[in-house]
$ cat structure.tsv   # TSV, C-alpha atoms
chain	number	residue	atom	x	y	z
A	1	MET	CA	-31.41	20.71	-2.47
A	2	ILE	CA	-30.60	20.11	1.23
A	3	ILE	CA	-34.30	19.69	2.07
A	4	ARG	CA	-34.74	17.13	-0.70
A	5	LEU	CA	-31.62	15.23	0.44
A	6	ALA	CA	-32.78	15.23	4.06
A	7	ALA	CA	-36.17	13.88	3.02
A	8	ALA	CA	-34.53	11.21	0.88
A	9	VAL	CA	-32.27	10.10	3.73
A	10	ALA	CA	-35.21	9.98	6.14
A	11	ALA	CA	-37.26	7.90	3.73
A	12	LEU	CA	-34.34	5.57	3.10
A	13	LEU	CA	-33.79	5.05	6.83
A	14	ALA	CA	-37.45	4.26	7.38
A	15	ALA	CA	-37.48	1.74	4.55
A	16	LEU	CA	-34.30	0.00	5.69
A	17	LEU	CA	-35.37	-0.20	9.32
A	18	ALA	CA	-38.77	-1.52	8.34
A	19	GLY	CA	-37.24	-4.15	6.10
A	20	CYS	CA	-34.36	-5.20	8.31
A	21	GLY	CA	-35.57	-4.62	11.84
A	22	ALA	CA	-33.27	-3.29	14.54
A	23	VAL	CA	-29.65	-2.82	13.59
A	24	ALA	CA	-27.74	-5.89	14.71
A	25	ALA	CA	-24.38	-5.99	16.42
A	26	PRO	CA	-21.31	-6.61	14.24
A	27	GLN	CA	-20.26	-10.18	13.64
A	28	ALA	CA	-18.00	-11.58	16.33
A	29	GLY	CA	-14.56	-12.57	15.13
A	30	ARG	CA	-15.01	-11.18	11.63
A	31	SER	CA	-11.91	-11.62	9.51
A	32	ALA	CA	-9.95	-8.72	8.11
A	33	PRO	CA	-9.27	-8.43	4.37
A	34	ALA	CA	-6.04	-10.03	3.22
A	35	THR	CA	-4.80	-6.71	1.81
A	36	ARG	CA	-5.36	-3.30	3.36
A	37	PRO	CA	-3.87	-0.20	1.71
A	38	SER	CA	-2.64	2.55	4.00
A	39	LEU	CA	-4.94	5.35	5.10
A	40	ALA	CA	-2.98	7.75	2.89
A	41	THR	CA	-5.02	8.58	-0.18
A	42	SER	CA	-6.00	11.32	-2.62
A	43	GLN	CA	-9.04	12.23	-4.69
A	44	VAL	CA	-10.31	14.80	-7.16
A	45	TYR	CA	-13.36	16.86	-6.16
A	46	ALA	CA	-15.00	19.54	-8.34
A	47	GLY	CA	-11.84	19.66	-10.43
A	48	LYS	CA	-9.61	20.18	-7.42
A	49	THR	CA	-7.53	17.62	-5.54
A	50	TRP	CA	-6.98	16.74	-1.88
A	51	ALA	CA	-4.33	14.41	-0.48
A	52	VAL	CA	-3.76	12.91	2.97
A	53	VAL	CA	-0.34	11.65	4.13
A	54	VAL	CA	1.36	10.93	7.43
A	55	MET	CA	4.30	13.09	8.50
A	56	GLY	CA	6.59	13.37	11.50
A	57	GLY	CA	8.08	10.34	13.17
A	58	SER	CA	7.28	7.00	14.73
A	59	SER	CA	3.69	6.04	15.53
A	60	ALA	CA	5.03	4.04	18.48
A	61	THR	CA	6.06	7.32	20.12
A	62	HIS	CA	2.92	9.16	18.92
A	63	ASN	CA	4.99	11.42	16.72
A	64	ASN	CA	3.07	10.57	13.55
A	65	PHE	CA	0.83	13.46	12.50
A	66	TRP	CA	-1.54	13.21	9.54
A	67	GLN	CA	-1.74	16.16	7.18
A	68	LEU	CA	-4.20	17.31	4.53
A	69	PHE	CA	-3.02	19.12	1.40
A	70	THR	CA	-5.10	20.65	-1.41
A	71	ARG	CA	-4.34	21.88	-4.92
A	72	PRO	CA	-6.77	23.98	-7.03
A	73	ALA	CA	-7.37	22.76	-10.56
A	74	ALA	CA	-5.83	25.84	-12.15
A	75	SER	CA	-2.71	25.75	-9.97
A	76	THR	CA	0.46	23.68	-9.92
A	77	ARG	CA	1.05	24.42	-6.21
A	78	TRP	CA	-0.10	22.44	-3.20
A	79	SER	CA	-1.03	24.04	0.14
A	80	LEU	CA	-1.32	22.70	3.68
A	81	ALA	CA	-4.99	22.55	4.69
A	82	THR	CA	-5.06	20.42	7.88
A	83	PRO	CA	-7.80	21.52	10.31
A	84	ALA	CA	-6.32	22.76	13.58
A	85	GLY	CA	-7.27	21.99	17.15
A	86	VAL	CA	-7.68	18.17	17.17
A	87	ALA	CA	-5.07	15.43	17.62
A	88	ASP	CA	-4.70	13.66	14.28
A	89	ASN	CA	-2.33	10.80	15.17
A	90	GLY	CA	-5.03	8.28	14.21
A	91	GLY	CA	-5.47	9.56	10.69
A	92	LEU	CA	-7.68	11.84	8.61
A	93	ALA	CA	-10.49	11.13	6.15
A	94	VAL	CA	-11.99	13.67	3.77
A	95	ALA	CA	-15.46	13.87	2.19
A	96	ASP	CA	-16.44	16.02	-0.78
A	97	VAL	CA	-19.92	17.48	-0.18
A	98	GLY	CA	-20.25	19.60	-3.31
A	99	GLY	CA	-18.75	22.77	-4.70
A	100	ARG	CA	-15.74	23.96	-2.72
A	101	SER	CA	-16.94	22.25	0.47
A	102	LEU	CA	-15.07	19.51	2.34
A	103	VAL	CA	-15.60	17.70	5.63
A	104	THR	CA	-12.66	16.13	7.48
A	105	ALA	CA	-13.05	13.36	10.05
A	106	PHE	CA	-10.33	12.59	12.62
A	107	ARG	CA	-9.86	8.90	13.33
A	108	PRO	CA	-9.68	7.82	16.99
A	109	SER	CA	-6.27	7.46	18.61
A	110	GLN	CA	-4.90	7.22	22.15
A	111	ASP	CA	-7.60	8.69	24.45
A	112	LEU	CA	-9.72	9.99	21.56
A	113	ARG	CA	-12.56	7.45	21.27
A	114	PHE	CA	-14.74	9.26	18.72
A	115	SER	CA	-14.21	11.13	15.45
A	116	PRO	CA	-14.50	14.93	15.56
A	117	LEU	CA	-15.52	16.59	12.29
A	118	SER	CA	-14.40	19.86	10.70
A	119	ALA	CA	-16.07	21.56	7.73
A	120	SER	CA	-14.72	23.97	5.12
A	121	ARG	CA	-16.53	25.93	2.40
A	122	ASP	CA	-13.39	27.27	0.71
A	123	ASP	CA	-11.30	24.22	-0.24
A	124	GLY	CA	-9.72	23.92	3.20
A	125	ALA	CA	-8.57	27.51	3.69
A	126	HIS	CA	-10.80	27.90	6.76
A	127	TRP	CA	-12.40	25.28	8.99
A	128	SER	CA	-15.12	25.16	11.63
A	129	GLN	CA	-16.16	22.43	14.05
A	130	SER	CA	-18.99	20.35	12.64
A	131	GLY	CA	-20.03	17.80	15.26
A	132	LEU	CA	-18.66	14.32	15.79
A	133	LEU	CA	-19.11	10.67	14.91
A	134	SER	CA	-19.47	9.04	18.31
A	135	ALA	CA	-18.60	5.48	17.24
A	136	GLY	CA	-15.31	6.47	15.61
A	137	LEU	CA	-14.40	6.08	11.95
A	138	ALA	CA	-13.16	2.71	10.68
A	139	ASP	CA	-9.53	2.30	9.60
A	140	PHE	CA	-10.16	1.96	5.87
A	141	PRO	CA	-9.18	4.58	3.26
A	142	ASP	CA	-12.75	4.94	1.93
A	143	ALA	CA	-14.75	4.67	5.17
A	144	PHE	CA	-15.99	8.28	4.86
A	145	ALA	CA	-17.65	9.99	1.90
A	146	GLY	CA	-20.00	12.80	0.92
A	147	ALA	CA	-22.80	13.45	-1.55
A	148	SER	CA	-22.85	16.40	-3.90
A	149	GLY	CA	-25.97	17.66	-2.10
A	150	GLY	CA	-24.22	17.74	1.29
A	151	GLY	CA	-24.98	14.32	2.79
A	152	LEU	CA	-22.40	12.21	4.62
A	153	ILE	CA	-21.88	8.48	5.06
A	154	ALA	CA	-19.45	6.80	7.46
A	155	LEU	CA	-18.35	3.25	8.23
A	156	THR	CA	-17.53	2.98	11.92
A	157	ARG	CA	-15.10	0.83	13.86
A	158	ARG	CA	-18.01	-1.29	15.06
A	159	GLY	CA	-18.92	-2.17	11.49
A	160	ASP	CA	-22.01	0.07	11.54
A	161	VAL	CA	-22.91	2.48	8.76
A	162	GLU	CA	-24.24	5.93	9.70
A	163	VAL	CA	-25.54	8.79	7.55
A	164	ALA	CA	-26.18	12.50	8.03
A	165	ALA	CA	-28.44	14.55	5.77
A	166	ARG	CA	-26.04	17.49	5.73
A	167	THR	CA	-22.91	18.83	7.37
A	168	GLY	CA	-23.53	19.37	11.07
A	169	ALA	CA	-26.75	17.32	11.17
A	170	ALA	CA	-27.27	14.43	13.59
A	171	TRP	CA	-26.05	11.00	12.55
A	172	ALA	CA	-28.52	8.12	12.12
A	173	SER	CA	-27.96	4.38	11.74
A	174	LEU	CA	-28.35	3.15	8.18
A	175	ALA	CA	-27.12	-0.45	8.44
A	176	SER	CA	-24.72	-2.75	10.22
A	177	GLU	CA	-22.20	-5.17	8.86
A	178	ARG	CA	-24.44	-8.00	9.99
A	179	SER	CA	-27.64	-6.58	8.48
A	180	VAL	CA	-25.89	-6.33	5.10
A	181	ALA	CA	-24.37	-9.79	5.50
A	182	VAL	CA	-27.75	-11.45	6.16
A	183	SER	CA	-29.49	-9.71	3.26
A	184	PRO	CA	-29.97	-11.87	0.14
A	185	ALA	CA	-27.14	-10.04	-1.60
A	186	GLY	CA	-24.85	-10.32	1.43
A	187	ARG	CA	-25.50	-14.06	1.75
A	188	ALA	CA	-24.89	-14.57	-1.96
A	189	CYS	CA	-21.41	-13.10	-1.70
A	190	GLY	CA	-20.62	-14.42	1.79
A	191	LEU	CA	-19.80	-10.93	3.07
A	192	SER	CA	-17.04	-11.15	5.67
A	193	GLN	CA	-16.39	-7.44	6.31
A	194	LEU	CA	-17.40	-4.00	5.08
A	195	THR	CA	-14.46	-1.93	3.91
A	196	ALA	CA	-15.85	1.15	2.10
A	197	ALA	CA	-18.83	3.49	1.86
A	198	ALA	CA	-19.80	6.06	-0.78
A	199	PHE	CA	-22.70	7.77	-2.52
A	200	SER	CA	-23.53	7.34	-6.18
A	201	ALA	CA	-23.93	10.49	-8.27
A	202	SER	CA	-27.69	10.32	-7.67
A	203	GLY	CA	-27.22	10.13	-3.89
A	204	THR	CA	-27.81	6.38	-3.36
A	205	PRO	CA	-25.69	4.95	-0.50
A	206	LEU	CA	-23.19	2.33	-1.64
A	207	LEU	CA	-21.32	-0.11	0.59
A	208	ALA	CA	-18.46	-2.43	-0.31
A	209	GLY	CA	-16.51	-5.21	1.33
A	210	ALA	CA	-14.80	-8.57	1.07
A	211	CYS	CA	-16.72	-11.67	-0.04
A	212	THR	CA	-15.96	-15.31	0.77
A	213	ARG	CA	-17.69	-16.58	-2.37
A	214	PRO	CA	-15.08	-16.64	-5.17
A	215	GLY	CA	-15.67	-14.43	-8.17
A	216	THR	CA	-18.20	-12.18	-6.41
A	217	VAL	CA	-17.64	-8.42	-6.09
A	218	GLY	CA	-19.11	-7.16	-2.82
A	219	ILE	CA	-20.66	-3.79	-3.72
A	220	PHE	CA	-24.18	-3.12	-2.48
A	221	ALA	CA	-26.78	-0.40	-3.12
A	222	SER	CA	-29.76	0.31	-0.87
A	223	GLY	CA	-33.31	0.11	-2.13
A	224	GLY	CA	-36.69	-1.29	-1.17
A	225	GLY	CA	-35.73	-1.79	2.46
A	226	THR	CA	-32.73	-4.03	1.78
A	227	TRP	CA	-29.35	-4.14	0.03
A	228	HIS	CA	-28.89	-5.20	-3.57
A	229	ALA	CA	-25.75	-6.54	-5.24
A	230	THR	CA	-24.55	-3.92	-7.69
A	231	GLY	CA	-20.92	-4.88	-8.28
A	232	PRO	CA	-19.51	-5.73	-11.70
A	233	ALA	CA	-19.54	-9.29	-13.04
A	234	LEU	CA	-16.04	-10.70	-13.51
A	235	PRO	CA	-14.92	-12.66	-16.58
A	236	SER	CA	-15.02	-16.43	-16.33
A	237	SER	CA	-11.21	-16.57	-16.10
A	238	LEU	CA	-11.45	-14.89	-12.68
A	239	ALA	CA	-14.61	-16.60	-11.42
A	240	ARG	CA	-12.80	-18.85	-8.95
A	241	ARG	CA	-10.73	-16.17	-7.23
A	242	ASP	CA	-11.46	-14.27	-4.04
A	243	VAL	CA	-12.29	-10.59	-4.49
A	244	GLU	CA	-11.65	-7.66	-2.16
A	245	VAL	CA	-12.77	-4.08	-2.74
A	246	LEU	CA	-9.70	-1.93	-2.05
A	247	GLY	CA	-11.28	1.39	-3.03
A	248	LEU	CA	-14.64	2.94	-3.85
A	249	ALA	CA	-15.18	6.59	-4.83
A	250	ARG	CA	-17.52	8.94	-6.64
A	251	ILE	CA	-15.72	11.23	-9.08
A	252	GLY	CA	-18.28	13.58	-10.59
A	253	ALA	CA	-20.91	11.41	-12.23
A	254	THR	CA	-18.69	8.29	-12.21
A	255	THR	CA	-18.39	5.63	-9.53
A	256	ALA	CA	-14.98	3.97	-9.59
A	257	THR	CA	-13.82	0.91	-7.69
A	258	LEU	CA	-10.45	-0.78	-7.28
A	259	LEU	CA	-10.54	-4.56	-6.93
A	260	LEU	CA	-7.97	-7.09	-5.75
A	261	VAL	CA	-8.71	-10.45	-7.36
A	262	GLY	CA	-6.92	-13.54	-6.06
A	263	GLN	CA	-4.22	-13.83	-3.43
A	264	GLY	CA	-0.45	-14.11	-3.19
A	265	PRO	CA	1.58	-14.39	-6.41
A	266	MET	CA	-1.63	-14.87	-8.44
A	267	ALA	CA	-3.29	-11.64	-7.26
A	268	SER	CA	-4.35	-9.08	-9.86
A	269	LEU	CA	-5.72	-5.54	-9.83
A	270	LEU	CA	-8.82	-4.49	-11.75
A	271	THR	CA	-10.64	-1.20	-11.94
A	272	ALA	CA	-14.32	-0.85	-12.79
A	273	TRP	CA	-16.34	2.25	-13.63
A	274	SER	CA	-20.08	2.91	-13.59
A	275	GLY	CA	-21.94	5.98	-14.80
A	276	ASP	CA	-25.33	4.92	-13.45
A	277	GLY	CA	-24.69	4.06	-9.80
A	278	GLY	CA	-23.70	0.43	-10.39
A	279	SER	CA	-26.29	-0.86	-12.86
A	280	HIS	CA	-23.67	-1.15	-15.58
A	281	TRP	CA	-19.88	-1.35	-15.30
A	282	ARG	CA	-16.84	-1.25	-17.56
A	283	LEU	CA	-13.86	-3.31	-16.45
A	284	SER	CA	-10.19	-2.68	-17.06
A	285	ALA	CA	-7.89	-5.50	-18.01
A	286	ALA	CA	-6.33	-7.34	-15.08
A	287	PHE	CA	-2.85	-6.32	-13.96
A	288	GLY	CA	-0.85	-9.12	-12.32
A	289	LEU	CA	0.84	-7.93	-9.13
A	290	ARG	CA	3.40	-10.80	-9.10
A	291	GLY	CA	3.56	-10.79	-5.32
A	292	LEU	CA	3.70	-7.01	-4.87
A	293	GLY	CA	1.42	-5.33	-2.34
A	294	VAL	CA	-0.76	-2.24	-2.79
A	295	ARG	CA	0.51	0.51	-0.47
A	296	SER	CA	-1.83	3.41	-1.28
A	297	THR	CA	-4.65	4.35	-3.65
A	298	ALA	CA	-5.63	7.50	-5.55
A	299	PHE	CA	-8.67	8.53	-7.62
A	300	GLY	CA	-8.10	11.17	-10.28
A	301	THR	CA	-9.64	13.13	-13.12
A	302	GLY	CA	-11.97	11.28	-15.50
A	303	GLY	CA	-12.06	8.17	-13.33
A	304	ALA	CA	-8.31	7.65	-13.36
A	305	VAL	CA	-6.97	5.38	-10.63
A	306	GLY	CA	-3.41	5.15	-9.32
A	307	VAL	CA	-1.67	2.88	-6.83
A	308	THR	CA	1.74	2.79	-5.21
A	309	LEU	CA	3.24	-0.66	-4.76
A	310	SER	CA	5.71	-2.29	-2.44
A	311	GLY	CA	9.22	-2.10	-3.82
A	312	GLY	CA	8.83	1.50	-5.01
A	313	GLY	CA	6.65	0.96	-8.08
A	314	ALA	CA	3.46	2.70	-9.17
A	315	MET	CA	0.69	1.98	-11.68
A	316	THR	CA	-2.12	4.03	-13.17
A	317	VAL	CA	-5.14	3.49	-15.37
A	318	ALA	CA	-6.54	6.58	-17.11
A	319	GLY	CA	-10.25	5.74	-17.05
A	320	PRO	CA	-12.90	3.58	-18.71
A	321	GLY	CA	-11.47	1.65	-21.64
A	322	SER	CA	-7.86	2.25	-20.64
A	323	ALA	CA	-5.18	-0.26	-19.71
A	324	TRP	CA	-2.94	-0.25	-16.65
A	325	ARG	CA	0.45	1.30	-17.29
A	326	PRO	CA	3.55	1.40	-15.12
A	327	LEU	CA	5.08	4.69	-14.02
A	328	PRO	CA	8.80	5.18	-13.52
A	329	ALA	CA	10.12	3.99	-10.18
A	330	LEU	CA	9.06	6.34	-7.42
A	331	PRO	CA	11.55	9.01	-6.28
A	332	ALA	CA	14.68	7.73	-4.57
A	333	GLY	CA	14.04	6.65	-1.01
A	334	ALA	CA	10.24	6.39	-1.39
A	335	ALA	CA	10.31	2.60	-1.05
A	336	LYS	CA	11.95	2.94	2.37
A	337	LEU	CA	9.34	5.38	3.69
A	338	PRO	CA	6.24	4.17	5.56
A	339	ALA	CA	3.41	3.19	3.21
A	340	ALA	CA	1.33	6.13	4.42
A	341	ALA	CA	4.08	8.64	3.55
A	342	THR	CA	4.05	8.14	-0.24
A	343	ILE	CA	1.03	8.55	-2.49
A	344	LEU	CA	0.01	9.46	-6.01
A	345	ALA	CA	-2.30	12.41	-6.62
A	346	ALA	CA	-3.97	13.86	-9.70
A	347	GLY	CA	-1.61	16.25	-11.46
A	348	PRO	CA	-2.37	19.62	-13.05
A	349	GLY	CA	-3.15	17.87	-16.33
A	350	SER	CA	-4.48	14.36	-16.85
A	351	GLY	CA	-1.59	12.57	-15.15
A	352	PHE	CA	-0.46	11.93	-11.58
A	353	GLU	CA	2.08	13.48	-9.26
A	354	ALA	CA	3.95	11.68	-6.48
A	355	LEU	CA	3.89	13.09	-2.95
A	356	THR	CA	6.48	11.88	-0.43
A	357	ALA	CA	6.70	12.90	3.22
A	358	HIS	CA	9.83	12.65	5.33
A	359	GLY	CA	9.81	14.20	8.78
A	360	GLY	CA	8.38	17.70	8.36
A	361	LEU	CA	8.99	17.97	4.61
A	362	LEU	CA	6.51	17.12	1.87
A	363	SER	CA	8.03	16.80	-1.59
A	364	VAL	CA	5.92	17.00	-4.74
A	365	TRP	CA	7.32	15.17	-7.76
A	366	ARG	CA	6.13	15.54	-11.34
A	367	LEU	CA	6.58	13.58	-14.56
A	368	SER	CA	7.32	15.79	-17.54
A	369	PRO	CA	6.20	14.50	-20.97
A	370	GLY	CA	8.75	12.01	-22.21
A	371	ALA	CA	10.78	12.13	-18.99
A	372	ALA	CA	12.34	8.92	-17.71
A	373	GLY	CA	12.03	9.89	-14.05
A	374	TRP	CA	10.38	12.17	-11.53
A	375	GLU	CA	11.38	15.81	-11.11
A	376	GLN	CA	10.93	17.64	-7.82
A	377	ALA	CA	8.41	20.44	-8.35
A	378	GLN	CA	7.70	21.72	-4.83
A	379	VAL	CA	8.73	21.29	-1.19
A	380	ILE	CA	6.41	22.20	1.69
A	381	LYS	CA	7.79	22.52	5.20
A	382	VAL	CA	5.28	21.59	7.92
A	383	ALA	CA	5.78	22.41	11.60
A	384	ILE	CA	5.46	19.03	13.35
A	385	PRO	CA	4.59	19.24	17.09
A	386	TYR	CA	6.90	16.43	18.20
A	387	GLY	CA	6.24	15.27	21.75
A	388	SER	CA	2.81	16.89	21.96
A	389	SER	CA	0.93	13.54	21.99
A	390	GLY	CA	1.11	10.56	24.28

$ encode --input "structure.tsv" --output "structure tokens"
Amino acid sequence: MIIRLAAAVAALLAALLAGCGAVAAPQAGRSAPATRPSLATSQVYAGKTWAVVVMGGSSATHNNFWQLFTRPAASTRWSLATPAGVADNGGLAVADVGGRSLVTAFRPSQDLRFSPLSASRDDGAHWSQSGLLSAGLADFPDAFAGASGGGLIALTRRGDVEVAARTGAAWASLASERSVAVSPAGRACGLSQLTAAAFSASGTPLLAGACTRPGTVGIFASGGGTWHATGPALPSSLARRDVEVLGLARIGATTATLLLVGQGPMASLLTAWSGDGGSHWRLSAAFGLRGLGVRSTAFGTGGAVGVTLSGGGAMTVAGPGSAWRPLPALPAGAAKLPAAATILAAGPGSGFEALTAHGGLLSVWRLSPGAAGWEQAQVIKVAIPYGSSG
């Protein structure tokens, strides 16, 4: 499987370089998306769940430390799984590479200019060093992803996209923000910035970003030496609104994306799902945000998607064909915590749990069937090394 994946990546690189020429430098002065969720996120992998939140204190004093937690599918208990030995003030990103294997990338911070990688074959119980990404991982929740056969894809701070055939293998340039932007598909959407990278279930690299052409969803798949538009078509009622891709993830055989359509008080959330790598999509109904902002994103079982919102609210959609539904207000005090300290995560069943971090304590909150509010189900105490950075 690894040999076939390595050969596929090598062939893909050759085709893209032949079709696009040398990788160009990122666009000068590129604009950032209007909305950027926090780097805190969660996702299901092989029936299990991982979650990343920030804990500790102020980032201004370098006392913010990012932590990784995992929960097996058959368990109701979360465990701390943060790789040791590397400063994680800049944030963590996790990639599922098949089975019980995970790869964690540390985002640059302070004097750390690159992204060290750690690999685990047992759901985060044990970690080993696994190389580094020299350019440094971009500050987007879905800038790092894995393929079920072991491949990795990363969006860097320079706007470049790099791939590795397997954990520990050398990284190679796949594309740049500019090379995607000048492709026919990139020009058609007016790509302004790449914001996410993923693999389809078949192993095809997918990139996503913000478009300047209204009504166009900026999701691209590689093939034939260039990039092809593969995002869902929006209904005519939304054709004149700007679109940003807030999230992109592979959950089993399903590719799920979270879209922000429109801006300000008229902005809405949509989710779309594809079972064939982007050739066909199913859209959810639009959910009007009414001026609220998206604070964090989560991808759960069966293609479920959850978001936390400014003001202490949360919404979920259960999967293809489902409608958005509000959850009870998040646990008391969650609205006052930093955006990266409160997330949703897939629960033991088909629902979501809420995770809130305050100082060195992580609280897990659960919704019982028919309950009007959240009930605290677990508290994890984490030793925070205050004063060790900076």

$ atom_distance --input "structure.tsv" --atom1 "CA of Phe106 (chain A)" --atom2 "CA of Phe352 (chain A)"
26.1 Å

$ residues_around --input "structure.tsv" --residues "region 320-331 of chain A" --least-positions-apart "4" --cutoff "7 Å" --atoms "only C-alpha atoms" --output "list of chain:residue names"
A:Trp273, A:Arg282, A:Ser284, A:Ala285, A:Phe287, A:Gly312, A:Gly313, A:Ala314, A:Met315, A:Thr316, A:Ala372, A:Gly373, A:Trp374

$ residues_around --input "structure.tsv" --residues "region 238-253 of chain A" --least-positions-apart "5" --cutoff "8 Å" --atoms "all atoms listed in the file" --output "number ranges by chain"
A: 33, 35-37, 44-46, 141-142, 145, 195-201, 208-219, 258-263, 275-276, 297, 299-303

$ residues_near_point --input "structure.tsv" --point "(-5.0, 5.6, -15.2)" --cutoff "6 Å" --atoms "all atoms listed in the file" --output "PyMOL selection string"
chain A and resi 304-305+316-319

$ atom_distance --input "structure.tsv" --atom1 "CA of Pro369 (chain A)" --atom2 "CA of Leu39 (chain A)"
29.8 Å

$ closest_atom_pairs --input "structure.tsv" --of "region 103-151 of chain A" --to "region 166-185 of chain A" --cutoff "9 Å" --atoms "all atoms listed in the file" --output "Markdown table"
| residue | atom | partner | partner_atom | distance |
| --- | --- | --- | --- | --- |
| A:Val103 | CA | A:Thr167 | CA | 7.6 |
| A:Leu117 | CA | A:Gly168 | CA | 8.6 |
| A:Ala119 | CA | A:Thr167 | CA | 7.4 |
| A:Gln129 | CA | A:Gly168 | CA | 8.5 |
| A:Ser130 | CA | A:Gly168 | CA | 4.9 |
| A:Gly131 | CA | A:Gly168 | CA | 5.7 |
| A:Leu132 | CA | A:Gly168 | CA | 8.5 |
| A:Leu133 | CA | A:Trp171 | CA | 7.3 |
| A:Ser134 | CA | A:Trp171 | CA | 9.0 |
| A:Ala147 | CA | A:Arg166 | CA | 8.9 |
| A:Gly149 | CA | A:Arg166 | CA | 7.8 |
| A:Gly150 | CA | A:Arg166 | CA | 4.8 |
| A:Gly151 | CA | A:Arg166 | CA | 4.5 |

$ atom_distance --input "structure.tsv" --atom1 "CA of Gly203 (chain A)" --atom2 "CA of Leu152 (chain A)"
10.0 Å

$ decode --input "structure.tsv" --residues "region 136-150 of chain A" --atoms "N, CA and C atoms" --output "PDB file, in the first residue's frame"
ATOM      1  N   GLY A 136       7.140  25.565   7.824  1.00  0.00           N
ATOM      2  CA  GLY A 136       6.215  25.909   8.899  1.00  0.00           C
ATOM      3  C   GLY A 136       4.773  25.825   8.442  1.00  0.00           C
ATOM      4  N   LEU A 137       3.935  25.228   9.271  1.00  0.00           N
ATOM      5  CA  LEU A 137       2.536  25.007   8.928  1.00  0.00           C
ATOM      6  C   LEU A 137       1.737  26.303   9.011  1.00  0.00           C
ATOM      7  N   ALA A 138       0.799  26.472   8.071  1.00  0.00           N
ATOM      8  CA  ALA A 138      -0.050  27.663   8.040  1.00  0.00           C
ATOM      9  C   ALA A 138      -1.011  27.672   9.228  1.00  0.00           C
ATOM     10  N   ASP A 139      -1.480  28.865   9.585  1.00  0.00           N
ATOM     11  CA  ASP A 139      -2.377  29.031  10.733  1.00  0.00           C
ATOM     12  C   ASP A 139      -3.841  28.908  10.324  1.00  0.00           C
ATOM     13  N   PHE A 140      -4.188  27.741   9.787  1.00  0.00           N
ATOM     14  CA  PHE A 140      -5.580  27.414   9.478  1.00  0.00           C
ATOM     15  C   PHE A 140      -5.894  26.063  10.109  1.00  0.00           C
ATOM     16  N   PRO A 141      -7.117  25.848  10.581  1.00  0.00           N
ATOM     17  CA  PRO A 141      -7.437  24.598  11.268  1.00  0.00           C
ATOM     18  C   PRO A 141      -7.174  23.345  10.433  1.00  0.00           C
ATOM     19  N   ASP A 142      -7.414  23.428   9.108  1.00  0.00           N
ATOM     20  CA  ASP A 142      -7.287  22.255   8.250  1.00  0.00           C
ATOM     21  C   ASP A 142      -6.132  22.398   7.262  1.00  0.00           C
ATOM     22  N   ALA A 143      -4.994  22.892   7.754  1.00  0.00           N
ATOM     23  CA  ALA A 143      -3.806  23.043   6.904  1.00  0.00           C
ATOM     24  C   ALA A 143      -2.986  21.768   6.829  1.00  0.00           C
ATOM     25  N   PHE A 144      -3.355  20.732   7.573  1.00  0.00           N
ATOM     26  CA  PHE A 144      -2.550  19.515   7.676  1.00  0.00           C
ATOM     27  C   PHE A 144      -3.489  18.327   7.662  1.00  0.00           C
ATOM     28  N   ALA A 145      -3.194  17.323   6.818  1.00  0.00           N
ATOM     29  CA  ALA A 145      -4.090  16.167   6.718  1.00  0.00           C
ATOM     30  C   ALA A 145      -3.314  14.949   6.257  1.00  0.00           C
ATOM     31  N   GLY A 146      -3.924  13.785   6.444  1.00  0.00           N
ATOM     32  CA  GLY A 146      -3.303  12.530   6.044  1.00  0.00           C
ATOM     33  C   GLY A 146      -4.212  11.716   5.154  1.00  0.00           C
ATOM     34  N   ALA A 147      -3.607  10.737   4.470  1.00  0.00           N
ATOM     35  CA  ALA A 147      -4.343   9.777   3.653  1.00  0.00           C
ATOM     36  C   ALA A 147      -4.383   8.450   4.386  1.00  0.00           C
ATOM     37  N   SER A 148      -5.384   7.647   4.094  1.00  0.00           N
ATOM     38  CA  SER A 148      -5.518   6.371   4.784  1.00  0.00           C
ATOM     39  C   SER A 148      -4.345   5.443   4.502  1.00  0.00           C
ATOM     40  N   GLY A 149      -3.628   5.665   3.391  1.00  0.00           N
ATOM     41  CA  GLY A 149      -2.461   4.854   3.078  1.00  0.00           C
ATOM     42  C   GLY A 149      -1.172   5.373   3.658  1.00  0.00           C
ATOM     43  N   GLY A 150      -1.218   6.483   4.418  1.00  0.00           N
ATOM     44  CA  GLY A 150      -0.027   6.988   5.092  1.00  0.00           C
ATOM     45  C   GLY A 150       0.525   8.291   4.569  1.00  0.00           C
TER      46      GLY A 150
END
